[in-house]
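Source file: protein-v9.txt. Holds: compact mmCIF, C-alpha atoms.
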# COMPACT_ATOMS: atom_id res chain seq x y z
CA MET A 1 -21.87 7.49 -35.43
CA CYS A 2 -21.96 6.82 -31.69
CA ARG A 3 -25.12 8.92 -31.27
CA ALA A 4 -26.72 7.02 -34.15
CA SER A 5 -25.84 3.67 -32.59
CA TYR A 6 -27.59 4.66 -29.35
CA LEU A 7 -30.63 5.89 -31.27
CA VAL A 8 -30.85 2.65 -33.27
CA SER A 9 -30.45 0.56 -30.12
CA ASN A 10 -33.12 2.52 -28.21
CA ALA A 11 -35.60 2.29 -31.10
CA GLY A 12 -34.88 -1.43 -31.41
CA ASP A 13 -35.54 -1.90 -27.70
CA ALA A 14 -38.89 -0.12 -28.05
CA VAL A 15 -39.88 -2.37 -30.96
CA LYS A 16 -38.71 -5.49 -29.13
CA CYS A 17 -40.73 -4.57 -26.04
CA TYR A 18 -43.84 -3.87 -28.09
CA GLY A 19 -43.49 -7.21 -29.88
CA ARG A 20 -43.10 -9.03 -26.59
CA ALA A 21 -46.13 -7.23 -25.15
CA LEU A 22 -48.14 -8.67 -28.04
CA ARG A 23 -46.56 -12.12 -27.88
CA PHE A 24 -46.80 -12.52 -24.10
CA PRO A 25 -50.06 -10.83 -23.05
CA GLN A 26 -49.68 -12.07 -19.47
CA ASP A 27 -46.57 -9.85 -19.20
CA ARG A 28 -47.92 -6.97 -21.30
CA LYS A 29 -47.69 -4.36 -18.52
CA LEU A 30 -44.05 -5.23 -17.85
CA TYR A 31 -43.04 -4.97 -21.51
CA LEU A 32 -44.96 -1.75 -22.04
CA ALA A 33 -43.20 -0.25 -19.01
CA GLU A 34 -39.85 -1.20 -20.60
CA MET A 35 -41.07 0.26 -23.89
CA LYS A 36 -41.78 3.59 -22.16
CA LEU A 37 -38.17 3.78 -21.05
CA ALA A 38 -36.85 2.86 -24.51
CA LEU A 39 -39.10 5.45 -26.17
CA GLY A 40 -37.99 8.03 -23.62
CA ASP A 41 -34.42 7.19 -24.59
CA VAL A 42 -35.26 7.68 -28.29
CA ILE A 43 -36.65 11.12 -27.48
CA MET A 44 -33.56 12.00 -25.44
CA GLN A 45 -31.20 10.94 -28.25
CA CYS A 46 -33.16 13.29 -30.53
CA ARG A 47 -32.87 16.07 -27.93
CA LEU A 48 -29.12 15.47 -27.66
CA ILE A 49 -28.76 15.63 -31.45
CA GLU A 50 -30.72 18.90 -31.39
CA GLU A 51 -28.44 20.23 -28.66
CA GLU A 52 -25.20 19.11 -30.34
CA ASN A 53 -26.24 20.77 -33.59
CA GLU A 54 -27.70 23.89 -31.94
CA TYR A 55 -31.21 23.20 -33.22
CA GLU A 56 -34.17 24.74 -31.48
CA HIS A 57 -35.98 22.12 -29.41
CA LYS A 58 -39.29 21.45 -31.10
CA GLU A 59 -42.44 20.78 -29.15
CA ILE A 60 -43.61 17.23 -29.73
CA ASP A 61 -46.85 16.93 -31.67
CA GLY A 62 -48.92 13.91 -30.65
CA THR A 63 -51.59 14.11 -33.33
CA ARG A 64 -52.80 10.63 -34.24
CA TRP A 65 -53.13 9.56 -37.85
CA ASP A 66 -51.62 6.07 -37.94
CA SER A 67 -51.87 2.78 -36.07
CA ILE A 68 -49.41 1.74 -33.37
CA ASP A 69 -47.82 -0.69 -35.86
CA GLY A 70 -47.56 2.10 -38.42
CA CYS A 71 -45.91 4.38 -35.86
CA ILE A 72 -43.37 1.67 -35.03
CA ILE A 73 -42.50 1.20 -38.71
CA SER A 74 -42.21 4.97 -39.23
CA MET A 75 -40.01 5.29 -36.15
CA LEU A 76 -37.54 2.79 -37.58
CA TYR A 77 -37.65 4.55 -40.95
CA TYR A 78 -36.82 7.94 -39.40
CA VAL A 79 -34.10 6.44 -37.20
CA ALA A 80 -32.44 5.01 -40.30
CA GLN A 81 -32.66 8.39 -41.99
CA ILE A 82 -31.16 10.18 -38.99
CA THR A 83 -28.30 7.68 -38.99
CA ASP A 84 -27.70 8.60 -42.63
CA HIS A 85 -27.85 12.32 -41.79
CA LEU A 86 -25.37 11.96 -38.95
CA LYS A 87 -22.95 10.03 -41.12
CA ARG A 88 -23.13 12.41 -44.11
CA GLY A 89 -23.37 15.55 -42.01
CA PRO A 90 -26.50 16.97 -40.36
CA THR A 91 -26.60 20.07 -42.54
CA ASN A 92 -26.69 18.08 -45.78
CA THR A 93 -30.03 17.67 -47.50
CA ILE A 94 -30.73 14.04 -48.34
CA TRP A 95 -33.29 12.83 -50.86
CA PHE A 96 -34.86 9.61 -49.67
CA ASP A 97 -36.89 7.41 -51.99
CA ASP A 98 -40.26 8.72 -50.85
CA LEU A 99 -39.40 12.41 -51.07
CA LYS A 100 -39.68 14.79 -53.99
CA ASP A 101 -37.79 17.32 -51.91
CA GLY A 102 -34.83 16.61 -49.67
CA ARG A 103 -34.87 16.73 -45.91
CA THR A 104 -32.24 17.94 -43.45
CA ALA A 105 -31.36 16.24 -40.17
CA LYS A 106 -33.30 18.91 -38.29
CA GLU A 107 -36.44 18.16 -40.32
CA THR A 108 -36.01 14.41 -39.84
CA ILE A 109 -35.56 14.84 -36.07
CA THR A 110 -38.82 16.82 -36.02
CA LYS A 111 -40.54 13.97 -37.90
CA LEU A 112 -39.19 11.37 -35.44
CA LEU A 113 -40.23 13.42 -32.40
CA SER A 114 -43.73 13.87 -33.85
CA ASN A 115 -43.82 10.13 -34.49
CA ALA A 116 -42.84 9.46 -30.85
CA GLY A 117 -45.61 11.80 -29.74
CA GLU A 118 -48.12 10.02 -31.94
CA LEU A 119 -47.01 6.65 -30.57
CA CYS A 120 -47.44 7.93 -27.01
CA SER A 121 -50.88 9.27 -27.87
CA SER A 122 -51.89 5.96 -29.43
CA LEU A 123 -50.84 4.10 -26.29
CA ASP A 124 -52.52 6.67 -24.00
CA TRP A 125 -49.18 7.79 -22.58
CA ASN A 126 -48.26 11.35 -21.71
CA VAL A 127 -45.38 12.31 -24.02
CA GLU A 128 -43.97 14.82 -21.51
CA GLU A 129 -43.77 12.07 -18.88
CA ILE A 130 -42.07 9.72 -21.36
CA GLU A 131 -39.57 12.44 -22.31
CA HIS A 132 -38.88 13.11 -18.61
CA LEU A 133 -38.34 9.39 -18.04
CA GLY A 134 -35.77 9.43 -20.84
CA PHE A 135 -34.12 12.49 -19.31
CA LEU A 136 -33.82 10.80 -15.91
CA HIS A 137 -32.42 7.65 -17.50
CA THR A 138 -29.85 9.70 -19.44
CA MET A 139 -28.77 11.52 -16.26
CA GLU A 140 -28.38 8.17 -14.48
CA ARG A 141 -26.13 6.98 -17.32
CA TYR A 142 -23.98 10.12 -17.19
CA GLU A 143 -23.60 9.70 -13.43
CA GLN A 144 -22.54 6.09 -13.95
CA PHE A 145 -20.09 7.11 -16.67
CA GLU A 146 -18.54 9.63 -14.28
CA GLN A 147 -18.28 7.03 -11.50
CA ASP A 148 -16.62 4.62 -13.92
CA GLY A 149 -14.15 7.30 -15.05
CA TRP A 150 -15.46 7.59 -18.62
CA LYS A 151 -14.95 10.85 -20.48

Mind turning the file's structure into structure tokens?
Amino acid sequence: MCRASYLVSNAGDAVKCYGRALRFPQDRKLYLAEMKLALGDVIMQCRLIEEENEYEHKEIDGTRWDSIDGCIISMLYYVAQITDHLKRGPTNTIWFDDLKDGRTAKETITKLLSNAGELCSSLDWNVEEIEHLGFLHTMERYEQFEQDGWK
């Protein structure tokens, strides 16, 4: 549940930053920079879930088919599904309302990573750079945890 809480928080930060970029156009660049970090954190939480469950790391597909707003909505949808997967067990197949066939956590992670890639593509961001930003931010957190004596 802890991993899910981080994922939900990171996705929420990305949505909040995007909303503020729209609401306060004079500060758009600042909020989009914060959104990059939050989206990088979403990607890293997915990578950590992959690692913890011994899933193969999937390459992120950035093919565009939806609007930025649509990507944001889908991101939240997949994050909620991953939270459900993590609570019930990542190997369980879950049938969500929109599916005729169930989906495993691994398949939902792949969907969320593709969604993150599409969002990056729609915003003209390089998904590898965003993922690396998330990696650096995660390493900084682990270093801080170690300094603070967390286990």

Nearby residues, (-53.6, 15.0, -34.0) file frame, 10 Å, all atoms listed in the file, as an NGL selection string: :A and (61-66 or 114 or 117-118 or 121)

Nearest-residue call for Lys111 in chain A, choices A:Lys58, A:Arg3, A:Arg23, A:Arg88, using all atoms listed in the file: A:Lys58

Nearby residues (all atoms listed in the file) at most 12 Å from Leu123 in chain A, same-chain spacing under 5 positions excluded, as a list in words: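 Result of the neighbour search: Tyr18, Lys29, Leu32, Ala33, Met35, Lys36, Leu39, Gly62, Arg64, Asp66, Ser67, Ile68, Asp69, Cys71, Ile72, Ala116, Gly117, Glu118 and Ile130 of chain A.
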
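Proximity ranking of A:Gln144, A:Thr138, A:Thr104, A:Gln45 relative to Ala4 in chain A places A:Gln45 first, based on only C-alpha atoms.
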
Interatomic distance, CA of Asp41 in chain A to CA of Leu22 in chain A (Å, one decimal):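 Pair CA of Asp41 in chain A / CA of Leu22 in chain A returns 21.3 Å.
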
Answer as JSON, numbers by chain, residues within 10 Å of (-28.5, 21.7, -47.7) using all atoms listed in the file: {"A": [89, 90, 91, 92, 93, 94, 102, 103, 104, 105]}

One-decimal distance in Å that lies between CA of Ala11 in chain A and CA of His85 in chain A: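 Rounded to one decimal, the two atoms are 16.6 Å apart.
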
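Rounded to one decimal, CA of Ser122 in chain A and CA of Arg47 in chain A lie 21.6 Å from each other.
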
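Close contacts of Ser9 in chain A, defined as residues with an atom at most 12 Å away when counting only C-alpha atoms, with chain neighbours fewer than 3 positions off set aside, comprise Cys2, Arg3, Ala4, Ser5, Tyr6, Gly12, Asp13, Ala14, Val15, Lys16, Ala38, Leu39, Asp41, Val42, Gln45, Leu76, Val79, Ala80 and Thr83 of chain A.
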